[in-house]
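**Q** Coordinates in final_2.txt, compact mmCIF, C-alpha atoms, are listed below.
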# COMPACT_ATOMS: atom_id res chain seq x y z
CA MET A 1 134.03 52.83 30.08
CA MET A 2 131.14 54.99 31.31
CA ASP A 3 129.00 51.93 32.11
CA SER A 4 131.70 50.34 34.14
CA ASP A 5 132.14 53.57 36.18
CA ILE A 6 128.39 53.66 37.00
CA GLU A 7 128.41 50.00 38.01
CA GLU A 8 131.46 50.54 40.20
CA SER A 9 129.78 53.53 41.86
CA LEU A 10 126.66 51.47 42.67
CA LYS A 11 128.77 48.70 44.18
CA LYS A 12 130.49 51.21 46.45
CA LYS A 13 127.11 52.64 47.56
CA ALA A 14 125.77 49.14 48.24
CA LYS A 15 128.79 48.40 50.40
CA LYS A 16 128.25 51.63 52.36
CA ASN A 17 124.42 50.99 52.70
CA PRO A 18 123.50 47.29 52.36
CA PHE A 19 119.72 48.04 52.53
CA LEU A 20 119.74 50.25 49.42
CA ALA A 21 119.89 47.43 46.91
CA GLU A 22 117.17 45.45 48.69
CA ASN A 23 114.83 48.45 48.85
CA SER A 24 115.39 49.22 45.20
CA ALA A 25 114.52 45.67 44.20
CA ARG A 26 111.47 45.69 46.45
CA LYS A 27 110.18 48.92 44.87
CA GLN A 28 110.62 47.47 41.41
CA PHE A 29 108.66 44.35 42.47
CA GLU A 30 105.86 46.36 44.09
CA GLN A 31 105.57 48.44 40.92
CA PHE A 32 104.52 45.37 38.91
CA ALA A 33 102.69 43.46 41.64
CA PRO A 34 98.83 43.58 41.54
CA ARG A 35 97.35 46.05 44.02
CA ALA A 36 94.81 44.44 46.41
CA TYR A 37 91.63 46.29 47.52
CA PRO A 38 91.11 46.88 51.21
CA ALA A 39 89.05 44.13 52.77
CA MET A 40 86.60 46.54 54.50
CA GLY A 41 85.83 48.42 51.25
CA GLU A 42 85.03 45.16 49.50
CA VAL A 43 82.56 44.19 52.23
CA ASN A 44 80.82 47.58 52.07
CA PHE A 45 80.51 47.34 48.29
CA MET A 46 78.91 43.89 48.52
CA GLN A 47 76.52 45.08 51.22
CA GLU A 48 75.42 48.04 49.11
CA GLU A 49 74.77 45.75 46.15
CA ASP A 50 72.72 43.43 48.35
CA VAL A 51 70.62 46.35 49.60
CA ARG A 52 69.97 47.54 46.05
CA LEU A 53 68.96 44.06 44.92
CA GLU A 54 66.71 43.60 47.93
CA THR A 55 65.03 46.96 47.32
CA THR A 56 64.45 46.13 43.65
CA ARG A 57 63.13 42.70 44.57
CA ALA A 58 60.73 44.23 47.13
CA ARG A 59 59.47 46.79 44.63
CA PHE A 60 58.95 44.15 41.97
CA THR A 61 57.14 41.88 44.44
CA ASN A 62 54.90 44.76 45.49
CA LEU A 63 54.21 45.57 41.84
CA LEU A 64 53.19 41.97 41.16
CA LYS A 65 50.94 41.98 44.22
CA ARG A 66 49.25 45.22 43.15
CA HIS A 67 48.79 43.82 39.63
CA GLY A 68 47.22 40.68 41.05
CA ASP A 69 44.91 42.66 43.37
CA LEU A 70 43.86 44.93 40.52
CA SER A 71 43.20 42.01 38.20
CA GLU A 72 41.11 40.29 40.87
CA ARG A 73 39.15 43.45 41.64
CA LEU A 74 38.49 44.11 37.97
CA SER A 75 37.31 40.55 37.45
CA GLN A 76 35.09 40.69 40.53
CA ASP A 77 33.71 44.20 40.02
CA SER A 78 33.18 44.17 36.30
CA ASP A 79 29.97 45.75 35.08
CA LYS A 80 28.43 42.36 34.44
CA THR A 81 29.34 41.08 37.89
CA ILE A 82 27.99 44.17 39.62
CA PHE A 83 24.77 43.92 37.62
CA GLU A 84 24.29 40.25 38.51
CA ARG A 85 24.99 40.87 42.19
CA LEU A 86 22.67 43.86 42.46
CA GLN A 87 19.96 42.15 40.42
CA LYS A 88 20.00 39.21 42.84
CA GLU A 89 19.83 41.58 45.79
CA PHE A 90 16.85 43.44 44.30
CA GLU A 91 15.08 40.17 43.50
CA ALA A 92 15.63 38.98 47.06
CA ALA A 93 14.28 42.25 48.46
CA ARG A 94 11.14 42.01 46.34
CA ALA A 95 10.71 38.32 47.16
CA THR A 96 10.65 39.07 50.92
CA GLN A 97 8.50 42.18 50.69
CA THR A 98 5.26 42.33 52.62
CA GLN A 99 3.77 45.02 50.45
CA GLU A 100 4.41 46.78 47.11
CA ILE A 101 2.92 50.25 46.78
CA SER A 102 2.44 51.87 43.37
CA LEU A 103 2.70 55.64 43.47
CA ASP A 104 1.20 58.11 41.03
CA GLY A 105 1.76 61.81 40.56
CA ASP A 106 2.05 63.75 43.81
CA GLN A 107 2.31 60.56 45.90
CA TRP A 108 5.98 60.41 44.96
CA ASN A 109 7.43 63.36 46.88
CA ASP A 110 10.16 64.47 49.24
CA GLY A 111 8.15 63.45 52.29
CA LEU A 112 7.87 59.85 51.10
CA LEU A 113 11.57 59.71 50.30
CA ALA A 114 12.34 60.96 53.82
CA THR A 115 10.12 58.19 55.19
CA ILE A 116 12.04 55.59 53.15
CA ARG A 117 15.36 56.96 54.42
CA GLU A 118 14.13 56.83 58.00
CA ARG A 119 12.89 53.28 57.51
CA VAL A 120 16.24 51.93 56.23
CA HIS A 121 18.16 53.55 59.09
CA MET A 122 15.72 52.24 61.71
CA GLU A 123 16.08 48.75 60.22
CA ALA A 124 19.89 49.03 60.28
CA ASP A 125 19.82 50.15 63.92
CA ARG A 126 17.44 47.33 64.84
CA ARG A 127 19.75 44.77 63.22
CA ALA A 128 22.74 46.18 65.08
CA MET A 129 20.95 45.96 68.45
CA LEU A 130 19.33 42.55 68.11
CA GLY A 131 21.93 40.64 66.13
CA GLU A 132 21.41 38.24 63.27
CA ALA A 133 20.17 35.31 65.39
CA ASN A 134 17.30 37.25 66.94
CA LEU A 135 16.50 38.80 63.55
CA LEU A 136 15.99 35.40 61.98
CA ALA A 137 13.58 34.46 64.74
CA GLY A 138 11.55 37.67 64.52
CA SER A 139 11.93 38.63 60.89
CA HIS A 140 8.22 38.09 60.21
CA SER A 141 7.29 41.01 62.43
CA GLN A 142 9.14 43.61 60.37
CA GLU A 143 7.15 45.11 57.50
CA LYS A 144 9.06 45.28 54.22
CA ILE A 145 7.71 47.65 51.59
CA THR A 146 8.87 48.34 48.04
CA TYR A 147 7.61 51.27 46.03
CA LYS A 148 6.91 51.40 42.30
CA VAL A 149 7.03 54.86 40.73
CA GLY A 150 6.40 54.67 37.00
CA THR A 151 9.31 52.62 35.64
CA LYS A 152 11.29 52.83 38.91
CA VAL A 153 11.25 50.31 41.74
CA ILE A 154 12.57 51.58 45.08
CA CYS A 155 13.67 49.02 47.68
CA CYS A 156 14.99 49.23 51.22
CA LEU A 157 18.24 47.27 51.20
CA GLU A 158 20.33 46.03 54.12
CA GLY A 159 22.99 48.31 55.55
CA ALA A 160 20.95 51.54 55.50
CA ARG A 161 20.87 51.58 51.70
CA ILE A 162 18.18 52.64 49.27
CA GLY A 163 18.12 50.80 45.95
CA ILE A 164 16.52 52.10 42.78
CA GLN A 165 15.95 49.80 39.82
CA TYR A 166 15.22 51.51 36.51
CA GLU A 167 13.27 49.75 33.76
CA THR A 168 13.75 51.06 30.22
CA SER A 169 11.68 50.27 27.16
CA PHE A 170 11.36 50.94 23.45
CA ALA A 171 8.20 50.68 21.37
CA GLY A 172 6.38 49.14 24.32
CA GLU A 173 8.97 46.39 24.84
CA LEU A 174 11.14 46.08 27.95
CA CYS A 175 14.82 46.72 27.16
CA ASP A 176 17.41 47.07 29.91
CA LEU A 177 17.45 47.20 33.69
CA TYR A 178 19.78 49.55 35.57
CA HIS A 179 20.50 49.97 39.26
CA CYS A 180 21.58 52.77 41.56
CA VAL A 181 22.28 52.30 45.28
CA LEU A 182 22.28 55.27 47.66
CA GLU A 183 23.56 55.37 51.23
CA SER A 184 24.13 57.80 54.08
CA LYS A 185 25.92 57.43 57.40
CA SER A 186 22.88 58.68 59.28
CA PHE A 187 19.39 59.99 58.60
CA LEU A 188 20.62 63.58 58.97
CA GLU A 189 23.63 63.26 56.65
CA LYS A 190 23.42 63.65 52.88
CA MET A 191 23.12 60.61 50.66
CA THR A 192 25.80 59.50 48.20
CA VAL A 193 25.88 57.07 45.28
CA LEU A 194 27.45 53.88 46.62
CA GLU A 195 27.40 51.84 43.40
CA HIS A 196 25.45 51.60 40.17
CA THR A 197 25.19 49.86 36.80
CA ILE A 198 24.57 53.02 34.78
CA PRO A 199 26.75 53.39 31.63
CA PHE A 200 29.92 55.32 32.43
CA PHE A 201 29.36 57.90 29.67
CA LEU A 202 26.13 59.16 31.26
CA PRO A 203 26.80 61.98 33.76
CA ILE A 204 25.69 60.35 37.01
CA ARG A 205 28.47 61.94 39.07
CA GLU A 206 27.59 65.40 37.79
CA ALA A 207 23.95 64.77 38.67
CA GLU A 208 25.00 63.53 42.12
CA ASN A 209 26.98 66.69 42.79
CA ASP A 210 24.26 69.00 41.46
CA LEU A 211 21.10 67.36 42.77
CA LEU A 212 21.48 64.55 45.29
CA SER A 213 22.27 66.66 48.37
CA SER A 214 19.72 69.37 47.58
CA ASN A 215 16.90 67.45 45.84
CA ALA A 216 17.27 63.68 46.09
CA MET A 217 13.87 62.99 44.51
CA ARG A 218 14.81 65.08 41.47
CA PHE A 219 18.13 63.19 41.25
CA ILE A 220 16.34 59.83 41.18
CA ASP A 221 13.91 61.02 38.50
CA HIS A 222 16.65 62.65 36.41
CA ILE A 223 18.71 59.45 36.27
CA GLY A 224 15.62 57.63 35.01
CA GLU A 225 15.14 60.26 32.30
CA LEU A 226 18.79 59.98 31.23
CA LEU A 227 18.57 56.20 30.96
CA GLN A 228 15.28 56.10 29.07
CA ALA A 229 16.40 58.78 26.57
CA TYR A 230 19.71 56.97 26.00
CA VAL A 231 17.97 53.63 25.34
CA ASP A 232 15.46 55.36 23.05
CA ARG A 233 18.16 56.96 20.90
CA ARG A 234 20.22 53.76 20.84
CA GLU A 235 17.26 51.62 19.78
CA GLN A 236 16.28 54.06 17.03
CA VAL A 237 19.76 53.70 15.52
CA ARG A 238 19.67 49.92 15.93
CA LEU A 239 16.32 49.76 14.15
CA ILE A 240 17.33 51.78 11.08
CA LYS A 241 20.43 49.62 10.74
CA GLU A 242 18.26 46.54 10.95
CA LEU A 243 15.65 47.81 8.46
CA TYR A 244 17.77 49.84 6.04
CA GLY A 245 21.29 48.57 6.55
CA ASN A 246 21.76 47.90 2.84
CA GLN A 247 21.12 51.59 2.03
CA ILE A 248 23.04 53.23 4.85
CA ARG A 249 26.76 53.86 4.59
CA GLU A 250 29.26 55.21 7.11
CA LEU A 251 27.05 55.43 10.18
CA TYR A 252 28.76 57.08 13.15
CA HIS A 253 27.49 57.94 16.63
CA SER A 254 28.77 58.99 20.02
CA LEU A 255 28.57 56.59 22.96
CA PRO A 256 25.38 58.18 24.38
CA TYR A 257 23.96 58.53 20.85
CA HIS A 258 23.54 62.29 21.17
CA MET A 259 25.53 62.84 17.95
CA ILE A 260 24.57 60.72 14.94
CA GLU A 261 25.75 60.90 11.33
CA PHE A 262 25.15 58.62 8.39
CA LEU A 263 25.20 58.55 4.60
CA LEU A 264 22.28 57.49 2.42
CA ASP A 265 23.56 56.14 -0.89
CA ASP A 266 21.15 56.84 -3.77
CA SER A 267 21.85 56.16 -7.45
CA GLU A 268 21.68 59.83 -8.36
CA CYS A 269 23.14 61.43 -5.24
CA LYS A 270 24.49 60.83 -1.77
CA VAL A 271 22.54 62.23 1.17
CA THR A 272 24.40 63.09 4.37
CA VAL A 273 22.44 63.29 7.63
CA CYS A 274 23.84 65.02 10.74
CA LEU A 275 21.88 64.97 14.01
CA ARG A 276 22.67 66.76 17.28
CA TYR A 277 20.60 66.53 20.45
CA ALA A 278 20.27 69.49 22.80
CA ASP A 279 20.96 67.35 25.89
CA LEU A 280 21.09 63.77 27.04
CA VAL A 281 17.40 63.61 27.99
CA SER A 282 16.24 64.46 24.45
CA VAL A 283 14.84 61.77 22.15
CA LEU A 284 14.44 64.05 19.11
CA PRO A 285 17.32 66.06 17.61
CA THR A 286 17.35 69.85 17.81
CA ARG A 287 20.06 70.51 15.23
CA VAL A 288 19.56 68.73 11.92
CA ARG A 289 21.36 69.08 8.61
CA VAL A 290 20.48 66.97 5.54
CA LEU A 291 22.40 67.62 2.32
CA ALA A 292 22.15 66.01 -1.11
CA TRP A 293 25.43 65.62 -3.04
CA PRO A 294 24.98 64.73 -6.73
CA THR A 295 27.11 62.06 -8.33
CA PRO A 296 29.62 63.50 -10.86
CA GLN A 297 27.71 62.27 -13.92
CA PHE A 298 24.31 63.31 -12.57
CA LYS A 299 25.67 66.74 -11.71
CA LYS A 300 27.13 67.13 -15.18
CA ASP A 301 23.88 66.18 -16.95
CA ASN A 302 21.15 67.58 -14.68
CA TRP A 303 22.32 69.59 -11.68
CA THR A 304 21.94 73.33 -12.18
CA THR A 305 21.74 74.55 -8.57
CA PRO A 306 24.76 75.00 -6.29
CA ALA A 307 25.83 71.71 -4.71
CA PRO A 308 25.17 70.39 -2.17
CA ALA A 309 21.45 71.04 -1.88
CA ARG A 310 19.72 71.23 1.47
CA LEU A 311 16.71 68.92 1.90
CA SER A 312 14.37 70.89 4.18
CA TYR A 313 11.58 68.32 4.10
CA ALA A 314 13.97 65.69 5.47
CA GLU A 315 15.15 67.99 8.25
CA ASP A 316 11.56 68.69 9.29
CA ALA A 317 10.80 64.96 9.38
CA LEU A 318 13.82 64.23 11.60
CA ARG A 319 12.85 66.96 14.06
CA THR A 320 9.32 65.64 14.55
CA MET A 321 9.49 61.87 14.02
CA SER A 322 11.48 58.97 15.40
CA LEU A 323 14.55 58.13 13.35
CA PRO A 324 13.09 55.01 11.62
CA GLU A 325 9.89 56.89 10.70
CA ALA A 326 11.80 59.92 9.45
CA TYR A 327 14.14 57.72 7.42
CA ALA A 328 11.21 56.09 5.64
CA GLU A 329 9.80 59.55 4.94
CA ILE A 330 13.12 60.74 3.50
CA VAL A 331 13.50 57.76 1.16
CA LEU A 332 9.87 57.91 0.01
CA ASN A 333 9.99 61.58 -0.99
CA LEU A 334 13.60 61.81 -2.17
CA PRO A 335 12.89 61.42 -5.95
CA GLN A 336 10.28 64.18 -5.85
CA ALA A 337 12.55 66.44 -3.79
CA LEU A 338 15.39 65.98 -6.30
CA GLN A 339 13.10 66.85 -9.18
CA GLN A 340 12.25 70.13 -7.48
CA ILE A 341 15.86 71.22 -7.06
CA ILE A 342 17.19 70.20 -10.49
CA GLN A 343 16.41 71.26 -13.99
CA PRO A 344 17.50 69.14 -16.95
CA ARG A 345 20.02 70.88 -19.19
CA PRO A 346 18.71 71.65 -22.70
CA SER A 347 20.07 69.30 -25.32
CA SER A 348 22.44 70.98 -27.82
Here is a file; write its structure as C-alpha cells.
**A**
Amino acid sequence: MMDSDIEESLKKKAKKNPFLAENSARKQFEQFAPRAYPAMGEVNFMQEEDVRLETTRARFTNLLKRHGDLSERLSQDSDKTIFERLQKEFEAARATQTQEISLDGDQWNDGLLATIRERVHMEADRRAMLGEANLLAGSHSQEKITYKVGTKVICCLEGARIGIQYETSFAGELCDLYHCVLESKSFLEKMTVLEHTIPFFLPIREAENDLLSSNAMRFIDHIGELLQAYVDRREQVRLIKELYGNQIRELYHSLPYHMIEFLLDDSECKVTVCLRYADLVSVLPTRVRVLAWPTPQFKKDNWTTPAPARLSYAEDALRTMSLPEAYAEIVLNLPQALQQIIQPRPSS
C-alpha cells in the first residue's frame, strides 16, 4: 500500500515536471560512468615525464663520457707510460747535446741553476719567434748542454722545462731511473713540478712546497737523497729475503721501507726484529728492538730469566751494518747469546 502511494506520488511529480525523471536517470548514469581526465592535464603529465627521462638520459650519457675519458687518461698517463715517454725525451735530449759537463762540489750551485733556467727560457722564446721551420734549418747553431751532478743528469727540455734524471744504485749496481720535470711561466716566476716518475709514497709535494720556491738546488738534491735511500732500504730487504728466505717468517714493511718487522724462526726460540728509521733519507735504522721468545718446551726446561729477552748485540749490529750483514751477524752469534741469558735447571 505504501509502495503504491510513493509510486503514484512520483508519477504526479513527473507529470508536473517532465525533466525531473530524465535528470534523475542521467545522474544515476553519470555516477557509474568512468570519469575522464582533462586532455590538457594528460599532455602536461607526459611532457614532465619526457623531461625527466631526457634529464636522466643526459646525466647517464655524461657519466659514460666521463668514465671513458678517465679510463683513457689513466691508460695513457699510467706510471709506466709516463716513465717511457720521459725516458725517450731525456734520451733524445742527450743524443742531440753538443756538450755534457760533469760538475763536482761547489760547481753545482744556485748560480748555475739560474743559468740553466735562463737558457731554457731563451730557447723557448727563440722557438716562438723563429718558428719550427727556421729552427730546423738553424738548429746546429744552438748549443745544447746537459749537466751531470753525481747521480743526477740535468737537461734543458723543450717548452721552458728543466728535466732531472736520477740514477739509483745498490752495492755498486745501477737500479732504477726516476725523472722530475720542472717548469716556470717566466724566468722571474717560481718553478713548479710539472710531472715526475717518483713513487707516490715519497713526499715530493711536501718538498716542493717547502724547498722549491726558496731553494731549488736543495730541492733537486733532496729528491735524489729520498730516492737513493728508498732504493737502498728496499734492496736490503729484497736481499735478506733472497738469502735467508727459508729462515724468515712474517716479514712486513711500509711502502717506503722506513718501518720493517720480521720474525726469525730458531729451533729453541723465535726472534722478533722491529726497525724504525728516523726519516726517509736514512739507510740505517735509529730505533731497533730485537727480542728472543723461547719455545714453550725450551722455556720449561732451560729458561730462567723473564721472557722475552732483549738481544743487545743484535740491536747494535742493526744500527751499524746493512740489513743483510746484520742478519748474518745475528744468526752467527745467536747460540752464544742464548747461552748467556739462560741457565739450565738443576735435575731433580
**Q** Neighbours of A:Lys152 within 9 Å (only C-alpha atoms; same-chain residues fewer than 6 positions away dropped), as number ranges by chain?
**A** A: 164-167, 220-221, 224
**Q** For a cut-off of 6 Å around (22.0, 61.2, 30.3), file coordinates, pick out all residues using only C-alpha atoms and list them as a ChimeraX atom specification.
**A** /A:202-203,226,280-281
**Q** Selected residues, C-alpha atoms, written as a tab-separated table (two decimals), in the coordinates of the input, please.
**A**
chain	number	residue	atom	x	y	z
A	202	LEU	CA	26.13	59.16	31.26
A	203	PRO	CA	26.80	61.98	33.76
A	226	LEU	CA	18.79	59.98	31.23
A	280	LEU	CA	21.09	63.77	27.04
A	281	VAL	CA	17.40	63.61	27.99
**Q** Which of these, A:Arg287, A:His121, A:Arg161, A:Arg310, has the shortest distance to A:Leu188 once you count all atoms listed in the file?
**A**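 Of all the options, A:His121 lies closest to A:Leu188.
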**Q** How far is it from atom CA of A:Tyr313 to atom CA of A:Leu251, in Å with one decimal?
**A**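 Between these atoms lies a distance of 21.0 Å.
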**Q** Would you pick out the contacts of A:Phe83 at 12 Å or less, using all atoms listed in the file, so that residues sharing its chain but fewer than 3 positions from it are not included, and give the list as a ChimeraX atom specification?
**A** /A:76-80,86-91,165,176-181,195-199
**Q** One number please: atom CA of A:Gln99 to atom CA of A:Thr115, in Å, one decimal.
**A**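 It comes out at 15.4 Å.
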**Q** Kindly indicate which residue among A:Ala95, A:Ile248, A:Val237, A:Ala216 lies nearest to A:Gly111, using only C-alpha atoms for the distances.
**A**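 Ranking A:Ala95, A:Ile248, A:Val237, A:Ala216 by distance to A:Gly111, first place goes to A:Ala216.
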**Q** Interatomic distance between atom CA of A:Tyr147 and atom CA of A:Ile101?
**A**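 A separation of 4.9 Å between them.
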